[in-house]
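Peer 1: Got a structure for you, written out below as structure tokens; questions coming shortly.
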Amino acid sequence: MPDFDPGQYPRFTKEMKQTHTILIPNMAVLHFRLMKTVLEQAGYHVEVLGNCGSQVAQLGLKYVHNDTCYPALLVIGQFLDALGSGQYDLDHTALLITQTGGGCRASNYIHLLRKALFKAGYPQIPVASLNFSGLEKDSGFQMTLPVLRRLAAGIFYGDLLMTLRNQIAPYEDEKGRADAAADRWIEEIGRRFARNQGISAREMKRTFPEIVRDFAAIPVTRVPKVKVGIVGEIYVKYSPLGNNSLEEFLAGEGCEVNVPGLMGFCQYCVFNMSETKRLYGGKAWEEFAPELLLKWMDGVEASMGEALRAGGFHAPARFKELIGLPEGIIGLGAKMGEGWLLTAEMIELVQSGYENIVCAQPFGCLPNHIVGKGMVGKIRAEYPTANITPIDYDPSATKVNQENRIKLMLAVARERLEEKAIS
């Protein structure tokens, strides 16, 4: 076999939009279902992968150096496992991967994936990049303004549905009602998108209370439960494959789970553009344009919070409130990986009553070990009730060991909950 040439790879062309099925690795389950709907309405043939299991990580290890971070191993392994399943026409299949454009190795996944495809015997499979940094200038997969607007709306709706589902499911009288409501609204939002409705800020502000009222009508019995927040590297924070179904495990332990929204990370990326200008200089528009976008995002986020509070639900802090939380602990110039946002999310969870926190991070992810595990001691000093356990995820870490460490954290949490009940 000839050596892999990183400059020679199949391009995803505009014509492939009609002829190819695009496979997407799963991450935030509710959000990616809405993303699939948006891309299909834009004319793409899309499938969000659901294949899991140990063979996914093993395939990743086989074709990617084991010093590469865990999310890369899993994403590439999931792609290769799907391609080898026999379910797809390999001459009419493409892959889609996101790139942040930052200093994290996630920006380089696409090159690792192309090399892995070549080595695994799939040199004809094109890889498209979903990014907003112009990293792949020769790709036929282009983000138009209508698609971007729908994707942004889909993330807001995904955050709302995730928040509502997590606050209802542990207490519902009839199990499955919250999940059914989330499924129903994903279908309904898709229908509205198809009619070009529910996309603008004004329409989202009208739709949020409608969704909240539907969830608020689900009969529940509120009893004291351990409240657990999940933070960490963005992939293992959301992906059941990446975190060994962490949310499902915590639900089985009788916990109420709080996972900060995906839009917060999007706002963080936008904010970093203007923060870079403030820290290091640059052109005026590099600060002005992101600030305008953040203002629009904040308006939608504020209306979501109002709808949640009006329905009797806990509303997470807005992004502009998160910005001030890490002061004295970590600087806003810490922008690698999840950066200062990860620290801010832990503080916000503690302040909101979710003082029991799982910090999920891939082993070998240096930025997140610094802004996650590295900040735990300082956060505990500032907030003595913080009960935080960092959990490493990689192919060599056993699920039993991870869950046992979380159970130790939950034991402390239950003890404190009982003390509160007595007092």
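By convention in this document, the chains of the structure tokens carry letters A, B, ... by their order, each chain's residues are numbered from 1, and ligands are numbered from 1 in the order they are shown.
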Could you pull the residues within 7 Å of stretch 143-153 of chain A, counting only C-alpha atoms, minus those fewer than 5 positions along the same chain, as number ranges by chain?
Peer 2: A: 35, 38, 42, 199
Peer 1: Please list as a list of chain:residue names every residue within 10 Å of A:Ala72, counting only C-alpha atoms and excluding residues in the same chain fewer than 5 positions away.
Peer 2: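 Using only C-alpha atoms, the neighbours found are A:Ala57, A:Gly60, A:Leu61, A:Val64, A:His65, A:Asn66, A:Gly77, A:Gln78, A:Arg105, A:Ala106, A:Asn108, A:Tyr109, A:Ile110, A:Leu112, A:Leu113, A:Tyr235, A:Pro362.
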Peer 1: What does the file look like for those residues with C-alpha atoms, as a compact mmCIF listing (two decimals), in the first residue's frame?
Peer 2:
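Produced file out-v1.txt, reproduced below:
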# COMPACT_ATOMS: atom_id res chain seq x y z
CA ALA A 57 -12.80 2.29 21.06
CA GLY A 60 -10.03 3.91 17.24
CA LEU A 61 -6.97 2.53 19.03
CA VAL A 64 -5.14 6.38 15.82
CA HIS A 65 -2.10 6.84 18.08
CA ASN A 66 -3.07 6.05 21.67
CA GLY A 77 -13.71 4.40 15.85
CA GLN A 78 -17.45 5.01 15.53
CA ARG A 105 -6.59 18.93 19.16
CA ALA A 106 -10.25 18.75 18.08
CA ASN A 108 -6.97 18.28 13.95
CA TYR A 109 -9.40 15.37 14.17
CA ILE A 110 -10.24 15.69 10.49
CA LEU A 112 -6.44 12.00 11.82
CA LEU A 113 -9.72 10.71 10.41
CA TYR A 235 -17.71 15.47 23.95
CA PRO A 362 -10.63 12.61 28.62
Peer 1: What's around stretch 209-219 of chain A at 6 Å? Count only C-alpha atoms, leave out sequence neighbours fewer than 2 positions away in its own chain, and write the answer as a list in words.
Peer 2: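 The residues satisfying every condition are Glu172, Asp173, Thr207 and Ala307 of chain A.
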Peer 1: What would the file look like if the residues just selected were written as a CSV table (one decimal), in the first residue's frame with N, CA and C atoms?
Peer 2:
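Writing done, so here's result-v5.csv:
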chain,number,residue,atom,x,y,z
A,172,GLU,N,-41.4,12.2,37.8
A,172,GLU,CA,-42.6,12.0,37.1
A,172,GLU,C,-43.4,10.8,37.7
A,173,ASP,N,-44.7,10.9,37.8
A,173,ASP,CA,-45.5,9.8,38.3
A,173,ASP,C,-45.6,8.6,37.4
A,207,THR,N,-42.4,30.5,21.5
A,207,THR,CA,-42.5,29.0,21.5
A,207,THR,C,-42.0,28.5,22.9
A,307,ALA,N,-39.2,31.9,30.7
A,307,ALA,CA,-40.2,30.9,30.5
A,307,ALA,C,-40.0,29.8,31.5
Peer 1: Counting only C-alpha atoms, what is within 6 Å of stretch 376-391 of chain A, bar same-chain residues fewer than 2 positions away, as JSON, numbers by chain?
Peer 2: {"A": [355, 356, 357, 358, 359, 360, 373, 374]}
Peer 1: Need to verify the contact set: A:Val56, 8 Å, only C-alpha atoms, exclusion of same-chain residues closer than 2 positions in sequence. Can you return it as a list of chain:residue names?
Peer 2: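 Contacts, in chain order: A:Asn51, A:Cys52, A:Gly53, A:Ser54, A:Gln58, A:Leu59, A:Gly60, A:Leu74, A:Gly77, A:Gln78, A:Leu80, A:Asp81.
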Peer 1: Could you take the residues named above and write them with N, CA and C atoms, as a JSON list (two decimals), in the first residue's frame?
Peer 2:
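Result written to result.json:
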[["chain", "number", "residue", "atom", "x", "y", "z"],
["A", 51, "ASN", "N", -24.13, 3.57, 16.90],
["A", 51, "ASN", "CA", -23.37, 2.36, 17.22],
["A", 51, "ASN", "C", -22.40, 2.63, 18.37],
["A", 52, "CYS", "N", -22.46, 1.79, 19.38],
["A", 52, "CYS", "CA", -21.61, 1.92, 20.56],
["A", 52, "CYS", "C", -20.94, 0.57, 20.83],
["A", 53, "GLY", "N", -20.32, 0.46, 21.98],
["A", 53, "GLY", "CA", -19.68, -0.80, 22.35],
["A", 53, "GLY", "C", -18.18, -0.68, 22.37],
["A", 54, "SER", "N", -17.54, -1.69, 22.97],
["A", 54, "SER", "CA", -16.08, -1.66, 23.13],
["A", 54, "SER", "C", -15.35, -1.70, 21.80],
["A", 58, "GLN", "N", -11.82, 0.18, 20.35],
["A", 58, "GLN", "CA", -10.73, -0.67, 19.87],
["A", 58, "GLN", "C", -10.36, -0.32, 18.43],
["A", 59, "LEU", "N", -11.35, -0.02, 17.61],
["A", 59, "LEU", "CA", -11.06, 0.41, 16.23],
["A", 59, "LEU", "C", -10.32, 1.74, 16.24],
["A", 60, "GLY", "N", -10.74, 2.63, 17.13],
["A", 60, "GLY", "CA", -10.03, 3.91, 17.24],
["A", 60, "GLY", "C", -8.59, 3.71, 17.63],
["A", 74, "LEU", "N", -12.82, 7.75, 19.88],
["A", 74, "LEU", "CA", -14.20, 7.29, 19.79],
["A", 74, "LEU", "C", -14.88, 7.73, 18.51],
["A", 77, "GLY", "N", -13.30, 5.80, 15.71],
["A", 77, "GLY", "CA", -13.71, 4.40, 15.85],
["A", 77, "GLY", "C", -15.16, 4.19, 15.48],
["A", 78, "GLN", "N", -16.03, 5.13, 15.86],
["A", 78, "GLN", "CA", -17.45, 5.01, 15.53],
["A", 78, "GLN", "C", -17.68, 5.09, 14.02],
["A", 80, "LEU", "N", -15.45, 4.24, 11.65],
["A", 80, "LEU", "CA", -14.91, 3.03, 11.04],
["A", 80, "LEU", "C", -15.81, 1.82, 11.31],
["A", 81, "ASP", "N", -16.36, 1.76, 12.51],
["A", 81, "ASP", "CA", -17.27, 0.67, 12.85],
["A", 81, "ASP", "C", -18.51, 0.72, 11.97]]
Peer 1: List every residue of stretch 302-380 of chain A that DSSP, applied to the backbone of this structure, assigns to helix (DSSP H, G or I), and report them as a count of residues only.
Peer 2: 40
